[in-house]
Amino acid sequence: MAYSSLRGRKPMERASKISHTNIIASEEVKNLLAQCTIPRPADTETIKDLLTRVPLPSGQTIKHVIAVDGSFREALVRDEFPSATVTFFAFGPLIFKLDDLRQLDDETFIAPEDLAKLKKIQRFQLALPTRNISRNGLGLQDSIRLTLHEFLARPVDGDKSLNDTLRWLLFRRWTTSADARRTLRHCPNQSVNGCKREEILLTPDSPPHFECTDCGGPIYLADVLRMHELVDDEQGASRVTSYLLSALETLALVHVIHALWEMKPVLLREFLFIKDGPLALFGQVFTLSEALRDLADFLASYRDPSDQSRVLPLLNVVGLEKSGSFVEHAVNIEKSLGKALEEAEAEDDFTGLVLPLSNDYIYKYVVPGDPGGTITYGQTTYWGGKMIFKARDGSTYVATVPTLGGHKPDPKFEDYINLTDVLSVVSELRCSMYDNALIPVALANRLVSLSEVPSSRILENFARGTIGSR
């Protein structure tokens with residue numbers, strides 16, 4: 001690592017201009033590269049054989065769309081070394097009626113009040129110290145833990161908190177199971193005071209905040225997210241932000257599902273939930289994926305109260321990706337998808353074509369990996385199955401939809417929960433402003449995103465003027 005210029009009086013150390021020759025001449029490097037392979041493009045015939053037609057729904061029950069998106073922006077509070085930063089998060093669910101959107105299609109001129117119907121959003125804001133900032137004299141790790149606990153414990157619009165939703169999800173409170181448990185492997189105060197306590201048991205009745213019986217330090221329900229494990233008092237908490245935002249977006253989505261479930265379960269059939277990004281949780285929070293799969297499976301197996309012999313799948317949810325390896329792959333096979341769509345156009349009416357992505361297909365054509373491995377792609381992180389959807393209008397989407405019965409290494413069309421209804425609505429929501437975009441996702445992003453300019457500079461000035469010094 002080169003020396004940098006701390007005070008601007010001396011030059012930065014520059015990199016060597018010839019060191020690359022040693023790498024090129026290295027036999028070890030040559031041998032290693034010779035063993036490497038790159039996923040090859042899928043051929044047209046393979047894609048054609050795997051595509052499935054999406055029929056038109058027999059009767060559309062979805063009346064509302066809820067899109068969840070979020071953003072974060074790190075603000076530099078102090079330029080001098082050591083620098084100090086705080087990260088601001090903004091996220092929330094946007095909701096609108098499908099009928100309001102359809103009415104806009106018939107309007108010659110769209111009035112501001114008409115567009116306002118599509119911009120009803122519930123906003124959440126969070127400021128998190130992420131480097132060299134202390135709350136109440138606490139270290140960075142404990143400052144983050146306290147901040148996250150207080151944020152999740154805060155009532156939402158005077159009603160239940162996100163902590164209540166987290167508890168509902170963790171302990172499967174939609175069932176009457178009495179043996180729900182969650183275990184923290186180590187006391188979260190271990191790196192602060194050296195506490196040796198292990199296997200801390202959490203139950204549905206555990207308070208959101210209690211004291212460790214060994215060290216007396218605080219233990220929060222929010223500690224199950226394990227964000228504190230990624231915090232270093234010297235290096236900061238930059239590794240926390242993306243994982244935390246994903247967890248908060250997911251909690252916001254589940255919060256609405258929780259509210260509708262307690263209000264009237266069958267209302268869930270009238271809502272389509274759209275998450276920006278895949279239905280997956282990575283890093284320290286991946287363990288929530290198992291609970292989310294259980295929730296999706298339970299809602300998909302819901303019995304009609306008026307006829308117990310009839311199943312009413314309640315959950316309509318889809319994750320849509322804007323970038324990444326799967327989006328790049330979708331672009332790579334665009335011609336094959338377009339050709340298949342043209343051939344299908346001559347047949348009966350349909351919503352589009354879907355390409356379910358199996359473990360074998362993913363590791364062969366999208367990302368490197370072993371198709372015969374013991375752990376299949378997404379087994380521990382995803383709570384849905386991936387697919388590529390080619391709509392009738394030519395738009396292409398990389399989507400994730402939950403599968404009945406949990407994780408499926410080779411999902412079929414019928415495994416995806418309410419797939420016909422979900423994709424029918426997705427095909428209605430095209431936004432022409434961007435490539436393969438959807439109106440609710442674009443709107444939600446516009447309402448909660450934090451830009452580099454001017455948001456970053458404004459937030460920095462705000463933080464500097466508010467945070468005290470010691």
# chains A, B, ... in the order shown; residues from 1 in each chain; ligands from 1
>>> select_by_dssp(residues="range 113-297 of chain A", states="alpha helix (DSSP H)", output="PyMOL selection string")
chain A and resi 113-116+140-153+162-170+190-193+240-263+288-297
>>> residues_around(residues="range 454-468 of chain A", least_positions_apart="5", cutoff="6 Å", atoms="only C-alpha atoms", output="PyMOL selection string")
chain A and resi 75-77
>>> closest_atom_pairs(of="range 40-136 of chain A", to="range 330-337 of chain A", cutoff="12 Å", atoms="only C-alpha atoms", output="CSV")
residue,atom,partner,partner_atom,distance
A:Arg40,CA,A:Asn332,CA,10.5
A:Pro41,CA,A:Asn332,CA,7.3
A:Ala42,CA,A:Ile333,CA,7.1
A:Asp43,CA,A:Ser336,CA,7.9
A:Thr44,CA,A:Ser336,CA,5.2
A:Glu45,CA,A:Ser336,CA,8.4
A:Thr46,CA,A:Ser336,CA,9.6
A:Ile47,CA,A:Ser336,CA,7.1
A:Lys48,CA,A:Ser336,CA,7.6
A:Asp49,CA,A:Ser336,CA,11.3
A:Leu50,CA,A:Leu337,CA,10.9
A:Leu51,CA,A:Leu337,CA,8.7
A:Thr52,CA,A:Leu337,CA,11.3
A:Arg53,CA,A:Leu337,CA,12.0
>>> residues_around(residues="Gly405 in chain A", least_positions_apart="6", cutoff="9 Å", atoms="only C-alpha atoms", output="ChimeraX atom specification")
/A:293-294,296-297,415
>>> closest_atom_pairs(of="range 122-195 of chain A", to="range 242-249 of chain A", cutoff="10 Å", atoms="only C-alpha atoms", output="tab-separated table")
residue	atom	partner	partner_atom	distance
A:Phe124	CA	A:Leu248	CA	9.4
A:Leu148	CA	A:Leu244	CA	9.7
A:Leu152	CA	A:Leu248	CA	9.3
A:Leu162	CA	A:Leu248	CA	8.9
>>> closest_residue(among="A:Ile62, A:Thr250, A:Pro57, A:Leu128", to="Asp99 in chain A", atoms="only C-alpha atoms")
A:Ile62
>>> residues_around(residues="Asn189 in chain A", least_positions_apart="2", cutoff="10 Å", atoms="only C-alpha atoms", output="number ranges by chain")
A: 141-142, 186-187, 191-197, 212, 215-219, 228
>>> write_last_selection(atoms="N, CA and C atoms", output="tab-separated table (two decimals), in the first residue's frame")
chain	number	residue	atom	x	y	z
A	141	GLN	N	-19.27	0.35	18.54
A	141	GLN	CA	-20.12	-0.83	18.46
A	141	GLN	C	-21.38	-0.67	19.29
A	142	ASP	N	-21.20	-0.23	20.54
A	142	ASP	CA	-22.38	-0.06	21.40
A	142	ASP	C	-23.24	1.11	20.95
A	186	HIS	N	-23.00	-15.73	21.05
A	186	HIS	CA	-22.12	-15.08	22.03
A	186	HIS	C	-22.81	-13.83	22.56
A	187	CYS	N	-22.41	-13.43	23.74
A	187	CYS	CA	-22.91	-12.16	24.28
A	187	CYS	C	-22.44	-11.03	23.37
A	191	SER	N	-16.82	-8.23	22.75
A	191	SER	CA	-15.66	-7.47	22.31
A	191	SER	C	-15.47	-6.17	23.09
A	192	VAL	N	-16.48	-5.80	23.88
A	192	VAL	CA	-16.41	-4.56	24.66
A	192	VAL	C	-15.88	-4.81	26.06
A	193	ASN	N	-16.45	-5.81	26.74
A	193	ASN	CA	-16.03	-6.06	28.13
A	193	ASN	C	-15.51	-7.47	28.35
A	194	GLY	N	-15.33	-8.24	27.26
A	194	GLY	CA	-14.75	-9.57	27.38
A	194	GLY	C	-15.68	-10.61	27.96
A	195	CYS	N	-17.00	-10.39	27.91
A	195	CYS	CA	-17.96	-11.35	28.46
A	195	CYS	C	-17.82	-12.71	27.77
A	196	LYS	N	-17.82	-13.78	28.56
A	196	LYS	CA	-17.62	-15.13	28.04
A	196	LYS	C	-18.93	-15.90	27.85
A	197	ARG	N	-20.05	-15.27	28.13
A	197	ARG	CA	-21.32	-15.99	28.06
A	197	ARG	C	-21.63	-16.39	26.61
A	212	CYS	N	-27.41	-8.87	30.33
A	212	CYS	CA	-26.69	-10.14	30.36
A	212	CYS	C	-26.49	-10.55	31.82
A	215	CYS	N	-22.33	-10.32	32.50
A	215	CYS	CA	-21.58	-9.05	32.50
A	215	CYS	C	-22.44	-7.84	32.81
A	216	GLY	N	-23.77	-7.99	32.79
A	216	GLY	CA	-24.66	-6.87	33.07
A	216	GLY	C	-24.83	-5.92	31.91
A	217	GLY	N	-24.19	-6.22	30.77
A	217	GLY	CA	-24.31	-5.37	29.60
A	217	GLY	C	-25.66	-5.55	28.92
A	218	PRO	N	-26.08	-4.60	28.08
A	218	PRO	CA	-27.39	-4.68	27.43
A	218	PRO	C	-27.42	-5.72	26.32
A	219	ILE	N	-28.54	-6.41	26.21
A	219	ILE	CA	-28.81	-7.31	25.09
A	219	ILE	C	-30.13	-6.87	24.47
A	228	HIS	N	-23.43	-5.86	14.91
A	228	HIS	CA	-22.29	-5.50	15.75
A	228	HIS	C	-21.05	-6.34	15.43
>>> decode(residues="range 276-317 of chain A", atoms="N, CA and C atoms", output="JSON list (two decimals), in the first residue's frame")
[["chain", "number", "residue", "atom", "x", "y", "z"],
["A", 276, "ASP", "N", -37.19, -3.93, -4.37],
["A", 276, "ASP", "CA", -36.09, -3.58, -5.26],
["A", 276, "ASP", "C", -34.90, -4.48, -4.93],
["A", 277, "GLY", "N", -34.53, -5.32, -5.86],
["A", 277, "GLY", "CA", -33.47, -6.29, -5.62],
["A", 277, "GLY", "C", -34.05, -7.68, -5.40],
["A", 278, "PRO", "N", -33.21, -8.69, -5.30],
["A", 278, "PRO", "CA", -33.70, -10.06, -5.12],
["A", 278, "PRO", "C", -34.30, -10.28, -3.74],
["A", 279, "LEU", "N", -35.11, -11.32, -3.63],
["A", 279, "LEU", "CA", -35.65, -11.71, -2.32],
["A", 279, "LEU", "C", -34.57, -12.53, -1.63],
["A", 280, "ALA", "N", -33.62, -11.84, -1.05],
["A", 280, "ALA", "CA", -32.48, -12.50, -0.42],
["A", 280, "ALA", "C", -31.87, -11.57, 0.62],
["A", 281, "LEU", "N", -31.19, -12.17, 1.58],
["A", 281, "LEU", "CA", -30.47, -11.43, 2.61],
["A", 281, "LEU", "C", -29.07, -12.01, 2.71],
["A", 282, "PHE", "N", -28.08, -11.13, 2.65],
["A", 282, "PHE", "CA", -26.69, -11.58, 2.64],
["A", 282, "PHE", "C", -25.96, -11.11, 3.90],
["A", 283, "GLY", "N", -24.72, -11.57, 4.03],
["A", 283, "GLY", "CA", -23.93, -11.15, 5.17],
["A", 283, "GLY", "C", -24.48, -11.70, 6.48],
["A", 284, "GLN", "N", -24.38, -10.91, 7.52],
["A", 284, "GLN", "CA", -24.76, -11.36, 8.86],
["A", 284, "GLN", "C", -26.26, -11.63, 9.01],
["A", 285, "VAL", "N", -27.09, -11.00, 8.18],
["A", 285, "VAL", "CA", -28.54, -11.11, 8.36],
["A", 285, "VAL", "C", -29.16, -12.25, 7.55],
["A", 286, "PHE", "N", -28.33, -13.09, 6.93],
["A", 286, "PHE", "CA", -28.87, -14.14, 6.06],
["A", 286, "PHE", "C", -29.78, -15.11, 6.81],
["A", 287, "THR", "N", -29.59, -15.23, 8.13],
["A", 287, "THR", "CA", -30.38, -16.20, 8.90],
["A", 287, "THR", "C", -31.87, -15.86, 8.91],
["A", 288, "LEU", "N", -32.23, -14.62, 8.59],
["A", 288, "LEU", "CA", -33.65, -14.28, 8.52],
["A", 288, "LEU", "C", -34.33, -14.92, 7.32],
["A", 289, "SER", "N", -33.56, -15.36, 6.33],
["A", 289, "SER", "CA", -34.14, -15.94, 5.12],
["A", 289, "SER", "C", -34.96, -17.19, 5.42],
["A", 290, "GLU", "N", -34.52, -17.97, 6.39],
["A", 290, "GLU", "CA", -35.25, -19.18, 6.75],
["A", 290, "GLU", "C", -36.64, -18.84, 7.28],
["A", 291, "ALA", "N", -36.73, -17.82, 8.14],
["A", 291, "ALA", "CA", -38.03, -17.39, 8.66],
["A", 291, "ALA", "C", -38.91, -16.83, 7.55],
["A", 292, "LEU", "N", -38.31, -16.13, 6.60],
["A", 292, "LEU", "CA", -39.07, -15.58, 5.49],
["A", 292, "LEU", "C", -39.61, -16.68, 4.59],
["A", 293, "ARG", "N", -38.83, -17.74, 4.38],
["A", 293, "ARG", "CA", -39.33, -18.88, 3.61],
["A", 293, "ARG", "C", -40.49, -19.55, 4.32],
["A", 294, "ASP", "N", -40.39, -19.67, 5.65],
["A", 294, "ASP", "CA", -41.48, -20.26, 6.43],
["A", 294, "ASP", "C", -42.75, -19.41, 6.33],
["A", 295, "LEU", "N", -42.58, -18.09, 6.38],
["A", 295, "LEU", "CA", -43.72, -17.18, 6.27],
["A", 295, "LEU", "C", -44.38, -17.31, 4.90],
["A", 296, "ALA", "N", -43.58, -17.31, 3.83],
["A", 296, "ALA", "CA", -44.13, -17.43, 2.48],
["A", 296, "ALA", "C", -44.86, -18.76, 2.32],
["A", 297, "ASP", "N", -44.29, -19.83, 2.84],
["A", 297, "ASP", "CA", -44.91, -21.14, 2.73],
["A", 297, "ASP", "C", -46.23, -21.20, 3.49],
["A", 298, "PHE", "N", -46.25, -20.58, 4.67],
["A", 298, "PHE", "CA", -47.47, -20.57, 5.48],
["A", 298, "PHE", "C", -48.59, -19.80, 4.77],
["A", 299, "LEU", "N", -48.27, -18.62, 4.26],
["A", 299, "LEU", "CA", -49.29, -17.81, 3.59],
["A", 299, "LEU", "C", -49.76, -18.45, 2.29],
["A", 300, "ALA", "N", -48.88, -19.20, 1.64],
["A", 300, "ALA", "CA", -49.26, -19.87, 0.39],
["A", 300, "ALA", "C", -50.17, -21.07, 0.64],
["A", 301, "SER", "N", -50.16, -21.57, 1.87],
["A", 301, "SER", "CA", -50.97, -22.76, 2.21],
["A", 301, "SER", "C", -52.20, -22.41, 3.03],
["A", 302, "TYR", "N", -52.55, -21.13, 3.06],
["A", 302, "TYR", "CA", -53.67, -20.66, 3.88],
["A", 302, "TYR", "C", -54.99, -21.28, 3.41],
["A", 303, "ARG", "N", -55.78, -21.73, 4.35],
["A", 303, "ARG", "CA", -57.06, -22.36, 4.05],
["A", 303, "ARG", "C", -58.19, -21.34, 4.10],
["A", 304, "ASP", "N", -59.07, -21.43, 3.13],
["A", 304, "ASP", "CA", -60.22, -20.54, 3.06],
["A", 304, "ASP", "C", -61.08, -20.74, 4.31],
["A", 305, "PRO", "N", -61.32, -19.68, 5.11],
["A", 305, "PRO", "CA", -62.11, -19.82, 6.34],
["A", 305, "PRO", "C", -63.52, -20.36, 6.08],
["A", 306, "SER", "N", -64.07, -20.08, 4.91],
["A", 306, "SER", "CA", -65.42, -20.53, 4.59],
["A", 306, "SER", "C", -65.45, -21.93, 4.00],
["A", 307, "ASP", "N", -64.30, -22.43, 3.58],
["A", 307, "ASP", "CA", -64.21, -23.77, 2.99],
["A", 307, "ASP", "C", -62.80, -24.30, 3.22],
["A", 308, "GLN", "N", -62.61, -25.05, 4.31],
["A", 308, "GLN", "CA", -61.29, -25.52, 4.71],
["A", 308, "GLN", "C", -60.63, -26.45, 3.70],
["A", 309, "SER", "N", -61.41, -26.97, 2.77],
["A", 309, "SER", "CA", -60.83, -27.84, 1.76],
["A", 309, "SER", "C", -60.17, -27.06, 0.62],
["A", 310, "ARG", "N", -60.37, -25.74, 0.62],
["A", 310, "ARG", "CA", -59.86, -24.89, -0.45],
["A", 310, "ARG", "C", -58.67, -24.07, 0.04],
["A", 311, "VAL", "N", -57.59, -24.08, -0.73],
["A", 311, "VAL", "CA", -56.39, -23.31, -0.40],
["A", 311, "VAL", "C", -56.46, -21.95, -1.07],
["A", 312, "LEU", "N", -56.20, -20.89, -0.29],
["A", 312, "LEU", "CA", -56.15, -19.52, -0.82],
["A", 312, "LEU", "C", -54.72, -18.99, -0.65],
["A", 313, "PRO", "N", -53.87, -19.11, -1.64],
["A", 313, "PRO", "CA", -52.52, -18.57, -1.51],
["A", 313, "PRO", "C", -52.58, -17.06, -1.33],
["A", 314, "LEU", "N", -52.13, -16.57, -0.19],
["A", 314, "LEU", "CA", -52.32, -15.15, 0.15],
["A", 314, "LEU", "C", -51.20, -14.25, -0.34],
["A", 315, "LEU", "N", -50.00, -14.79, -0.52],
["A", 315, "LEU", "CA", -48.84, -13.91, -0.73],
["A", 315, "LEU", "C", -48.53, -13.69, -2.20],
["A", 316, "ASN", "N", -48.49, -12.41, -2.58],
["A", 316, "ASN", "CA", -48.03, -12.01, -3.91],
["A", 316, "ASN", "C", -46.81, -11.10, -3.71],
["A", 317, "VAL", "N", -45.63, -11.62, -3.98],
["A", 317, "VAL", "CA", -44.43, -10.82, -3.76],
["A", 317, "VAL", "C", -43.40, -11.17, -4.82]]
